[in-house]
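**Q** The following file, my_file-v1.tsv, comprises TSV, C-alpha atoms:
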chain	number	residue	atom	x	y	z
A	6	MET	CA	0.00	0.00	0.00
A	7	GLY	CA	1.48	3.41	-1.02
A	8	ALA	CA	2.01	6.16	1.51
A	9	ARG	CA	-0.77	8.32	0.06
A	10	ARG	CA	-3.24	5.42	-0.01
A	11	ALA	CA	-2.32	4.47	3.54
A	12	ARG	CA	-2.90	8.04	4.74
A	13	SER	CA	-6.23	8.15	2.93
A	14	PHE	CA	-7.31	4.86	4.49
A	15	ALA	CA	-6.32	6.03	7.97
A	16	VAL	CA	-8.15	9.35	7.65
A	17	ALA	CA	-11.27	7.61	6.35
A	18	ALA	CA	-11.17	5.07	9.17
A	19	LEU	CA	-10.79	7.75	11.83
A	20	ALA	CA	-13.59	9.80	10.32
A	21	ALA	CA	-15.91	6.79	10.23
A	22	ALA	CA	-15.07	5.96	13.83
A	23	GLY	CA	-15.84	9.51	14.90
A	24	LEU	CA	-19.18	9.46	13.13
A	25	LEU	CA	-20.21	6.18	14.70
A	26	ALA	CA	-19.15	7.36	18.12
A	27	ALA	CA	-21.20	10.50	17.70
A	28	GLY	CA	-24.15	8.60	16.30
A	29	GLY	CA	-24.02	10.61	13.06
A	30	GLN	CA	-25.13	9.52	9.62
A	31	PRO	CA	-22.13	8.50	7.47
A	32	ALA	CA	-23.93	8.84	4.14
A	33	ALA	CA	-25.32	11.81	2.29
A	34	ALA	CA	-29.08	11.58	1.89
A	35	ALA	CA	-30.29	12.18	-1.66
A	36	ALA	CA	-32.47	15.26	-1.86
A	37	SER	CA	-35.08	16.54	-4.29
A	38	TYR	CA	-34.05	20.03	-5.34
A	39	PRO	CA	-35.33	21.57	-8.58
A	40	VAL	CA	-32.58	21.55	-11.23
A	41	GLU	CA	-32.15	24.51	-13.60
A	42	TYR	CA	-31.00	23.72	-17.15
A	43	HIS	CA	-31.25	27.25	-18.58
A	44	PHE	CA	-28.29	29.58	-18.06
A	45	GLY	CA	-30.37	32.73	-18.53
A	46	ALA	CA	-32.78	31.81	-15.77
A	47	GLY	CA	-30.05	30.55	-13.46
A	48	PHE	CA	-27.97	33.67	-14.00
A	49	VAL	CA	-30.85	36.00	-13.15
A	50	LYS	CA	-31.67	34.01	-10.01
A	51	GLY	CA	-28.12	33.92	-8.70
A	52	PHE	CA	-26.20	36.96	-9.95
A	53	PHE	CA	-27.14	39.42	-7.23
A	54	THR	CA	-26.69	36.99	-4.33
A	55	PRO	CA	-23.08	35.85	-4.82
A	56	ASP	CA	-22.62	34.97	-1.14
A	57	ARG	CA	-25.63	32.65	-1.10
A	58	PRO	CA	-24.77	29.04	-2.04
A	59	PRO	CA	-26.90	27.50	-4.78
A	60	ALA	CA	-29.60	25.01	-3.81
A	61	GLY	CA	-28.09	21.75	-2.59
A	62	ALA	CA	-24.69	23.20	-1.68
A	63	ASN	CA	-22.90	23.82	1.62
A	64	ASP	CA	-24.70	21.47	3.98
A	65	TRP	CA	-21.83	21.28	6.45
A	66	SER	CA	-23.46	18.38	8.30
A	67	CYS	CA	-23.31	16.19	5.18
A	68	ARG	CA	-21.14	13.07	5.43
A	69	PRO	CA	-20.05	11.15	2.31
A	70	GLY	CA	-21.13	7.52	2.08
A	71	ALA	CA	-19.32	4.53	0.64
A	72	ASP	CA	-20.94	4.99	-2.78
A	73	ARG	CA	-20.16	8.74	-2.83
A	74	PRO	CA	-16.86	8.85	-0.91
A	75	ALA	CA	-15.62	12.24	-2.10
A	76	PRO	CA	-17.35	15.57	-1.49
A	77	VAL	CA	-17.71	17.68	-4.64
A	78	VAL	CA	-16.35	21.23	-4.70
A	79	LEU	CA	-17.80	23.49	-7.41
A	80	VAL	CA	-15.47	26.19	-8.74
A	81	HIS	CA	-17.06	28.98	-10.80
A	82	GLY	CA	-15.57	30.80	-13.77
A	83	THR	CA	-14.33	34.31	-14.53
A	84	LEU	CA	-16.87	37.13	-14.00
A	85	GLU	CA	-19.27	34.63	-12.41
A	86	ASN	CA	-20.07	33.65	-8.83
A	87	MET	CA	-21.06	30.44	-7.09
A	88	ASN	CA	-24.78	31.18	-7.18
A	89	ASP	CA	-25.22	32.16	-10.84
A	90	ASN	CA	-22.81	29.48	-12.12
A	91	TRP	CA	-24.12	26.43	-10.27
A	92	GLY	CA	-27.91	26.62	-10.23
A	93	GLY	CA	-27.96	23.41	-12.27
A	94	ALA	CA	-25.01	21.35	-11.05
A	95	ALA	CA	-25.38	21.89	-7.29
A	96	PRO	CA	-28.97	20.62	-6.94
A	97	LEU	CA	-28.37	17.85	-9.49
A	98	LEU	CA	-25.38	16.50	-7.56
A	99	ALA	CA	-27.15	16.83	-4.21
A	100	ASN	CA	-30.12	14.93	-5.63
A	101	ALA	CA	-27.68	12.19	-6.68
A	102	GLY	CA	-26.47	11.83	-3.10
A	103	TYR	CA	-23.26	13.87	-3.15
A	104	CYS	CA	-22.06	16.24	-0.47
A	105	VAL	CA	-21.75	19.44	-2.54
A	106	TYR	CA	-19.89	22.64	-1.72
A	107	ALA	CA	-19.43	25.96	-3.51
A	108	PHE	CA	-17.73	29.30	-2.84
A	109	SER	CA	-17.07	32.61	-4.55
A	110	TYR	CA	-13.51	33.79	-5.13
A	111	GLY	CA	-11.40	36.39	-6.85
A	112	GLY	CA	-13.58	39.45	-6.31
A	113	ALA	CA	-14.61	42.04	-3.74
A	114	ALA	CA	-16.77	40.68	-0.92
A	115	GLY	CA	-20.44	40.89	-1.85
A	116	SER	CA	-19.76	41.75	-5.50
A	117	PRO	CA	-21.70	39.67	-8.03
A	118	VAL	CA	-18.68	39.81	-10.35
A	119	GLN	CA	-16.09	37.33	-9.09
A	120	GLY	CA	-13.15	35.38	-10.50
A	121	THR	CA	-11.25	38.44	-11.73
A	122	GLY	CA	-8.29	38.50	-9.32
A	123	PRO	CA	-4.84	37.01	-9.95
A	124	ILE	CA	-5.23	33.28	-10.54
A	125	ALA	CA	-2.55	32.33	-8.00
A	126	ASP	CA	-4.42	34.25	-5.29
A	127	SER	CA	-7.71	32.60	-6.25
A	128	ALA	CA	-6.03	29.19	-6.07
A	129	GLN	CA	-5.07	29.97	-2.48
A	130	ASP	CA	-8.77	30.54	-1.76
A	131	LEU	CA	-9.58	27.19	-3.38
A	132	ALA	CA	-6.92	25.46	-1.28
A	133	ALA	CA	-8.35	26.88	1.94
A	134	PHE	CA	-11.90	25.95	0.94
A	135	VAL	CA	-10.99	22.36	0.05
A	136	ASP	CA	-9.24	22.01	3.41
A	137	ARG	CA	-12.38	23.27	5.12
A	138	VAL	CA	-14.54	20.77	3.22
A	139	LEU	CA	-12.25	17.84	4.02
A	140	ALA	CA	-12.12	18.80	7.70
A	141	ALA	CA	-15.91	19.09	7.90
A	142	THR	CA	-16.71	15.86	6.04
A	143	GLY	CA	-13.85	13.68	7.25
A	144	ALA	CA	-13.12	12.70	3.65
A	145	PRO	CA	-9.46	12.21	2.62
A	146	GLU	CA	-10.00	13.62	-0.88
A	147	ALA	CA	-12.46	15.80	-2.79
A	148	ASP	CA	-13.57	15.98	-6.42
A	149	LEU	CA	-13.45	19.33	-8.21
A	150	VAL	CA	-15.99	20.39	-10.84
A	151	GLY	CA	-15.12	23.72	-12.42
A	152	HIS	CA	-16.32	25.98	-15.19
A	153	SER	CA	-13.89	27.90	-17.42
A	154	GLN	CA	-11.09	29.33	-15.21
A	155	GLY	CA	-12.42	27.30	-12.28
A	156	GLY	CA	-12.02	24.00	-14.13
A	157	GLY	CA	-8.87	24.98	-15.96
A	158	LEU	CA	-5.97	27.23	-15.02
A	159	MET	CA	-7.01	28.04	-11.46
A	160	ALA	CA	-7.74	24.44	-10.48
A	161	ARG	CA	-4.59	23.25	-12.23
A	162	TYR	CA	-2.47	25.83	-10.37
A	163	TYR	CA	-3.86	24.50	-7.09
A	164	LEU	CA	-3.13	20.89	-8.05
A	165	LYS	CA	0.41	21.62	-9.25
A	166	ASN	CA	1.68	24.31	-6.89
A	167	LEU	CA	-0.36	24.23	-3.68
A	168	GLY	CA	-0.46	20.54	-2.75
A	169	GLY	CA	-3.88	19.93	-4.27
A	170	ALA	CA	-2.85	16.69	-5.99
A	171	ALA	CA	-2.74	14.96	-2.61
A	172	LYS	CA	-6.28	16.10	-1.76
A	173	VAL	CA	-8.16	15.71	-5.06
A	174	ARG	CA	-9.28	12.53	-6.87
A	175	LYS	CA	-10.88	14.04	-9.96
A	176	LEU	CA	-10.96	17.35	-11.81
A	177	VAL	CA	-13.93	17.77	-14.14
A	178	GLY	CA	-13.54	20.87	-16.29
A	179	ILE	CA	-16.58	22.32	-18.10
A	180	ALA	CA	-15.30	24.46	-21.00
A	181	PRO	CA	-11.98	24.95	-19.20
A	182	ASN	CA	-9.26	27.29	-20.47
A	183	ASN	CA	-6.44	24.75	-20.28
A	184	SER	CA	-4.42	26.18	-23.18
A	185	GLY	CA	-5.71	29.73	-22.81
A	186	THR	CA	-7.80	31.70	-25.27
A	187	THR	CA	-7.31	33.96	-28.26
A	188	LEU	CA	-10.65	35.67	-27.50
A	189	ASP	CA	-11.84	34.94	-31.03
A	190	GLY	CA	-8.50	36.08	-32.43
A	191	ILE	CA	-8.45	39.45	-30.65
A	192	THR	CA	-5.21	38.69	-28.81
A	193	GLU	CA	-3.43	37.70	-32.01
A	194	LEU	CA	-4.67	40.80	-33.80
A	195	GLY	CA	-3.50	42.92	-30.87
A	196	ARG	CA	-0.04	41.43	-31.09
A	197	GLN	CA	0.14	42.14	-34.80
A	198	LEU	CA	-0.91	45.76	-34.22
A	199	HIS	CA	1.39	46.10	-31.19
A	200	VAL	CA	-1.47	47.19	-28.96
A	201	LEU	CA	-1.96	44.05	-26.86
A	202	GLU	CA	0.60	44.92	-24.19
A	203	PRO	CA	-0.70	48.43	-23.42
A	204	ALA	CA	-4.27	47.08	-23.48
A	205	ASN	CA	-3.31	44.39	-21.01
A	206	GLU	CA	-1.73	46.96	-18.70
A	207	LEU	CA	-5.09	48.70	-18.50
A	208	LEU	CA	-7.04	45.45	-18.18
A	209	ASP	CA	-4.77	44.06	-15.49
A	210	ASP	CA	-6.24	46.36	-12.83
A	211	LEU	CA	-9.78	45.33	-13.71
A	212	CYS	CA	-9.31	41.63	-14.44
A	213	ALA	CA	-5.86	40.22	-13.83
A	214	ALA	CA	-7.23	36.72	-14.44
A	215	CYS	CA	-8.38	37.74	-17.93
A	216	VAL	CA	-4.84	38.73	-18.92
A	217	GLU	CA	-3.37	35.56	-17.43
A	218	GLN	CA	-5.76	33.41	-19.49
A	219	GLU	CA	-4.59	34.79	-22.84
A	220	VAL	CA	-2.68	32.48	-25.13
A	221	GLY	CA	1.02	33.20	-24.72
A	222	SER	CA	0.75	34.78	-21.26
A	223	PRO	CA	3.72	34.31	-18.88
A	224	PHE	CA	1.34	32.81	-16.33
A	225	LEU	CA	0.18	30.14	-18.78
A	226	ALA	CA	3.73	29.33	-19.89
A	227	ALA	CA	4.87	28.84	-16.30
A	228	LEU	CA	1.87	26.68	-15.41
A	229	ASP	CA	2.31	24.44	-18.47
A	230	ALA	CA	6.03	23.90	-17.86
A	231	GLY	CA	6.52	20.20	-17.17
A	232	GLY	CA	3.07	19.23	-18.44
A	233	GLN	CA	-0.57	20.17	-17.96
A	234	THR	CA	-1.52	17.31	-15.64
A	235	VAL	CA	-0.17	15.92	-12.38
A	236	PRO	CA	0.04	12.28	-11.27
A	237	GLY	CA	-2.72	10.86	-9.11
A	238	VAL	CA	-5.60	12.94	-10.47
A	239	ASP	CA	-8.18	11.84	-13.07
A	240	TYR	CA	-9.16	14.59	-15.53
A	241	THR	CA	-12.33	15.00	-17.58
A	242	VAL	CA	-12.82	17.88	-20.01
A	243	ILE	CA	-16.25	18.74	-21.43
A	244	ALA	CA	-16.11	21.20	-24.34
A	245	THR	CA	-18.47	22.71	-26.92
A	246	ARG	CA	-17.71	23.58	-30.53
A	247	PHE	CA	-19.72	26.79	-30.04
A	248	ASP	CA	-17.50	28.18	-27.29
A	249	GLU	CA	-17.12	31.92	-27.88
A	250	VAL	CA	-14.86	32.51	-24.86
A	251	VAL	CA	-12.30	29.71	-24.97
A	252	THR	CA	-11.10	29.94	-28.57
A	253	PRO	CA	-10.33	27.82	-30.37
A	254	TYR	CA	-12.59	25.48	-28.42
A	255	THR	CA	-9.97	22.73	-28.65
A	256	ASN	CA	-7.87	24.77	-26.22
A	257	ALA	CA	-10.11	23.29	-23.54
A	258	PHE	CA	-8.65	19.83	-24.08
A	259	LEU	CA	-5.77	18.25	-22.22
A	260	PRO	CA	-3.15	16.03	-23.89
A	261	ALA	CA	-4.29	12.43	-24.30
A	262	GLY	CA	-3.27	10.10	-21.52
A	263	PRO	CA	-4.51	7.22	-19.35
A	264	HIS	CA	-6.02	9.62	-16.80
A	265	VAL	CA	-7.51	12.13	-19.27
A	266	THR	CA	-10.93	12.02	-20.96
A	267	ASP	CA	-11.76	14.76	-23.47
A	268	LEU	CA	-15.44	15.08	-24.48
A	269	THR	CA	-17.28	17.35	-26.93
A	270	VAL	CA	-20.99	17.96	-26.41
A	271	GLN	CA	-21.81	17.89	-30.14
A	272	ASP	CA	-20.13	14.50	-30.59
A	273	GLN	CA	-22.76	13.19	-28.19
A	274	CYS	CA	-25.71	15.14	-29.63
A	275	PRO	CA	-25.53	17.32	-32.76
A	276	LEU	CA	-28.77	19.09	-31.74
A	277	ASP	CA	-27.07	20.70	-28.77
A	278	ALA	CA	-25.68	24.17	-29.62
A	279	THR	CA	-24.64	25.11	-26.09
A	280	ASP	CA	-22.09	27.91	-25.79
A	281	HIS	CA	-19.57	28.84	-23.09
A	282	LEU	CA	-22.26	30.23	-20.77
A	283	GLU	CA	-25.02	27.65	-21.21
A	284	ILE	CA	-22.66	24.68	-20.93
A	285	GLY	CA	-22.60	25.04	-17.15
A	286	TYR	CA	-26.32	24.25	-17.20
A	287	ASP	CA	-26.41	22.01	-20.28
A	288	PRO	CA	-28.18	18.63	-19.83
A	289	ILE	CA	-25.44	16.71	-21.69
A	290	ALA	CA	-22.58	18.45	-19.88
A	291	LEU	CA	-24.20	17.85	-16.49
A	292	THR	CA	-24.76	14.19	-17.35
A	293	ASP	CA	-21.10	13.98	-18.34
A	294	VAL	CA	-20.24	15.37	-14.90
A	295	LEU	CA	-22.28	12.66	-13.17
A	296	ASN	CA	-20.65	9.97	-15.31
A	297	ALA	CA	-17.16	11.33	-14.70
A	298	LEU	CA	-17.70	11.26	-10.94
A	299	ASP	CA	-19.26	7.79	-11.00
A	300	PRO	CA	-18.10	5.95	-14.15
A	301	ALA	CA	-19.18	2.58	-12.73
A	302	HIS	CA	-22.83	3.62	-13.10
A	303	PRO	CA	-23.08	5.59	-16.36
A	304	ARG	CA	-26.26	7.49	-17.10
A	305	PRO	CA	-27.70	7.75	-20.62
A	306	ILE	CA	-26.83	10.93	-22.50
A	307	PRO	CA	-29.93	13.06	-23.29
A	308	CYS	CA	-30.20	14.53	-26.78
A	309	GLN	CA	-32.39	17.55	-27.40
A	310	VAL	CA	-32.28	20.99	-28.98
A	311	VAL	CA	-30.29	23.36	-26.75
A	312	LEU	CA	-29.71	26.99	-27.71
A	313	PRO	CA	-26.81	29.21	-26.66
A	314	VAL	CA	-27.42	31.17	-23.42
A	315	THR	CA	-31.14	30.36	-23.19
A	316	GLY	CA	-30.82	26.58	-23.00
A	317	PRO	CA	-33.17	23.70	-23.91
A	318	LEU	CA	-36.23	24.51	-25.98
A	319	LEU	CA	-38.40	22.18	-23.95
Can you give me the file's structure in the form of structure tokens?

**A**
Amino acid sequence: MGARRARSFAVAALAAAGLLAAGGQPAAAAASYPVEYHFGAGFVKGFFTPDRPPAGANDWSCRPGADRPAPVVLVHGTLENMNDNWGGAAPLLANAGYCVYAFSYGGAAGSPVQGTGPIADSAQDLAAFVDRVLAATGAPEADLVGHSQGGGLMARYYLKNLGGAAKVRKLVGIAPNNSGTTLDGITELGRQLHVLEPANELLDDLCAACVEQEVGSPFLAALDAGGQTVPGVDYTVIATRFDEVVTPYTNAFLPAGPHVTDLTVQDQCPLDATDHLEIGYDPIALTDVLNALDPAHPRPIPCQVVLPVTGPLL
């Protein structure tokens, strides 16, 4: 038995013993929260209450069971917050019996616009939150589900540089920015016109994370040095061909490997035209999340017409 596995076993055993001694329930009870599949509706409901967790999240009395051993930490994207990003995933995962947790990061307290601060600083917030979740649940490891920055560069910085690889089983990225973005070619045009650097100097005060996510940024080069993945973590990427933020959309993908699964929504259902915003609520993407977390019990992939931003027609 490896040292990491032995530590995990010991922590789990101690946590179970504590629960039994206290008479607590070791398993998360499946709930019945309404699940939102339309980004527009979820955004309106959650945008102005960024400090309120989405339905199903942050029950600090929840204890993972044997069939759901890892709590799930939801990590929102740039310019979003936990409540407007996770109105679909949080209740869906709670209904499936997971202990689910979410937080807002990278913005002024109480501001609906989050995820704009330096990525390294935001990763420190993620590290502290994961530690809090593990301490509360008694679990040795967590699973991360992140959108855009939260499932790409920020989560990867935590795994690589802040000890996260020892505390995370799986990283599921929904439209992550793993190889950065050209912003539909704007960054490349700016370089050609020699205006990108002065523009970035102005943008850096407003959204440091935006600058760091650009293709060719020093932050991205440093993070990718030595490879984009770390040993011991399973990675799933869920991308859409209609991504207007991570461009080209293939920049979401990680290099092929035994612990990497790259998925495209339209390969599973050509009727689904989800974009970068809607994909956090998309029925296929959310089913992919469930299957990535529990591959032993795969759920059928739904196929229906889904529009950008507004979501499913029915």

**Q** Env of region 151-161 of chain A: 7 Å cut, atoms = all atoms listed in the file, seq-sep filter 2 positions within chain, self excluded. Answer as a list in words.

**A**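 Near neighbours after the sequence-gap exclusion: Leu79, Val80, His81, Gly82, Thr83, Ile124, Ser127, Ala128, Leu149, Tyr163, Leu164, Lys165, Val177, Gly178, Ile179, Ala180, Pro181, Asn182, Asn183 and Gly285 of chain A.
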
**Q** With C-alpha atoms retained, export the selected residues as a PDB file, in the frame of the given file.

**A**
ATOM      1  CA  LEU A  79     -17.800  23.490  -7.410  1.00  0.00           C
ATOM      2  CA  VAL A  80     -15.470  26.190  -8.740  1.00  0.00           C
ATOM      3  CA  HIS A  81     -17.060  28.980 -10.800  1.00  0.00           C
ATOM      4  CA  GLY A  82     -15.570  30.800 -13.770  1.00  0.00           C
ATOM      5  CA  THR A  83     -14.330  34.310 -14.530  1.00  0.00           C
ATOM      6  CA  ILE A 124      -5.230  33.280 -10.540  1.00  0.00           C
ATOM      7  CA  SER A 127      -7.710  32.600  -6.250  1.00  0.00           C
ATOM      8  CA  ALA A 128      -6.030  29.190  -6.070  1.00  0.00           C
ATOM      9  CA  LEU A 149     -13.450  19.330  -8.210  1.00  0.00           C
ATOM     10  CA  TYR A 163      -3.860  24.500  -7.090  1.00  0.00           C
ATOM     11  CA  LEU A 164      -3.130  20.890  -8.050  1.00  0.00           C
ATOM     12  CA  LYS A 165       0.410  21.620  -9.250  1.00  0.00           C
ATOM     13  CA  VAL A 177     -13.930  17.770 -14.140  1.00  0.00           C
ATOM     14  CA  GLY A 178     -13.540  20.870 -16.290  1.00  0.00           C
ATOM     15  CA  ILE A 179     -16.580  22.320 -18.100  1.00  0.00           C
ATOM     16  CA  ALA A 180     -15.300  24.460 -21.000  1.00  0.00           C
ATOM     17  CA  PRO A 181     -11.980  24.950 -19.200  1.00  0.00           C
ATOM     18  CA  ASN A 182      -9.260  27.290 -20.470  1.00  0.00           C
ATOM     19  CA  ASN A 183      -6.440  24.750 -20.280  1.00  0.00           C
ATOM     20  CA  GLY A 285     -22.600  25.040 -17.150  1.00  0.00           C
TER      21      GLY A 285
END

**Q** With only C-alpha atoms as the counted atoms, please give the residues lying no more than 7 Å from Ala290 (chain A), apart from itself and same-chain residues fewer than 3 positions off, as a PyMOL selection string.

**A** chain A and resi 243+270+284+287+293-294

**Q** Using the selection just defined, write its residues with C-alpha atoms as a PDB file, in the frame of the given file.

**A**
ATOM      1  CA  ILE A 243     -16.250  18.740 -21.430  1.00  0.00           C
ATOM      2  CA  VAL A 270     -20.990  17.960 -26.410  1.00  0.00           C
ATOM      3  CA  ILE A 284     -22.660  24.680 -20.930  1.00  0.00           C
ATOM      4  CA  ASP A 287     -26.410  22.010 -20.280  1.00  0.00           C
ATOM      5  CA  ASP A 293     -21.100  13.980 -18.340  1.00  0.00           C
ATOM      6  CA  VAL A 294     -20.240  15.370 -14.900  1.00  0.00           C
TER       7      VAL A 294
END

**Q** Could you check how far CA of Ala297 (chain A) sits from CA of Thr241 (chain A), in Å to one decimal?

**A**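 For CA of Ala297 (chain A) relative to CA of Thr241 (chain A), the distance reads 6.7 Å.
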
**Q** Quote the spacing between CA of Tyr110 (chain A) and CA of Asp130 (chain A) in Å to one decimal place.

**A**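 Between these atoms lies a distance of 6.7 Å.
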
**Q** Can you list, as a list of chain:residue names, every protein, DNA or RNA residue that comes within 7 Å of region 51-62 of chain A when you count all atoms listed in the file, leaving out same-chain residues fewer than 6 positions away?

**A**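 Close residues of region 51-62 of chain A: A:Tyr38, A:Asn86, A:Met87, A:Asn88, A:Asp89, A:Trp91, A:Gly92, A:Ala95, A:Pro96, A:Ala99, A:Val105, A:Tyr106, A:Ala107, A:Ser109, A:Gly115, A:Ser116, A:Pro117.
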
**Q** For Gly316 (chain A), which residue out of A:His281, A:His43, A:Lys50, A:His302 is the nearest one, using only C-alpha atoms?

**A**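 Closest residue, counting only C-alpha atoms: A:His43.
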
**Q** Between CA of Asp299 (chain A) and CA of Gly232 (chain A), what distance in Å does the model show, to one decimal?

**A**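 So the two atoms, CA of Asp299 (chain A) and CA of Gly232 (chain A), lie 26.2 Å apart.
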
**Q** So which one's closest to Pro74 (chain A), A:Leu131, A:Ala147, A:Leu276, A:Ala141? Using all atoms listed in the file, please.

**A**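 Of all the options, A:Ala147 lies closest to Pro74 (chain A).
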
**Q** Which one of A:Pro69, A:Gly93, A:Gly111, A:Gly169 sits closest to Phe48 (chain A) if you count all atoms listed in the file?

**A**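 Closest to Phe48 (chain A), using all atoms listed in the file: A:Gly93.
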
**Q** Nearest to Pro145 (chain A) among A:Leu188, A:Leu318, A:Ala75, A:Ile306, with distances taken over only C-alpha atoms: which residue is it?

**A** A:Ala75

**Q** Mind checking which residues fall within 8 Å of region 223-229 of chain A, counting all atoms listed in the file, ignoring those fewer than 2 positions away in the same chain, and posting them as a ChimeraX atom specification?

**A** /A:158,161-162,184-185,217-221,231-233

**Q** Using all atoms listed in the file, which of the listed residues (A:Pro123, A:Gly143, A:Pro260, A:Pro236) sits closest to Leu211 (chain A)?

**A**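 The closest residue to Leu211 (chain A) is A:Pro123.
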
**Q** Which residue out of A:Val78, A:Leu176, A:Cys308, A:Ala46 has the minimum interatomic distance to Gln271 (chain A) when all atoms listed in the file are used?

**A** A:Cys308

**Q** Which polymer residues have any atom within 8 Å of an atom of His264 (chain A), counting all atoms listed in the file, with same-chain residues fewer than 5 positions away left out, as a list in words?

**A**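 Contacts, with the query itself left out: Val238, Asp239 and Tyr240 of chain A.
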
**Q** Selection from above, C-alpha atoms, as a PDB file, keeping the file's coordinate frame, can you write it?

**A**
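The resulting again_29.pdb:
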ATOM      1  CA  VAL A 238      -5.600  12.940 -10.470  1.00  0.00           C
ATOM      2  CA  ASP A 239      -8.180  11.840 -13.070  1.00  0.00           C
ATOM      3  CA  TYR A 240      -9.160  14.590 -15.530  1.00  0.00           C
TER       4      TYR A 240
END
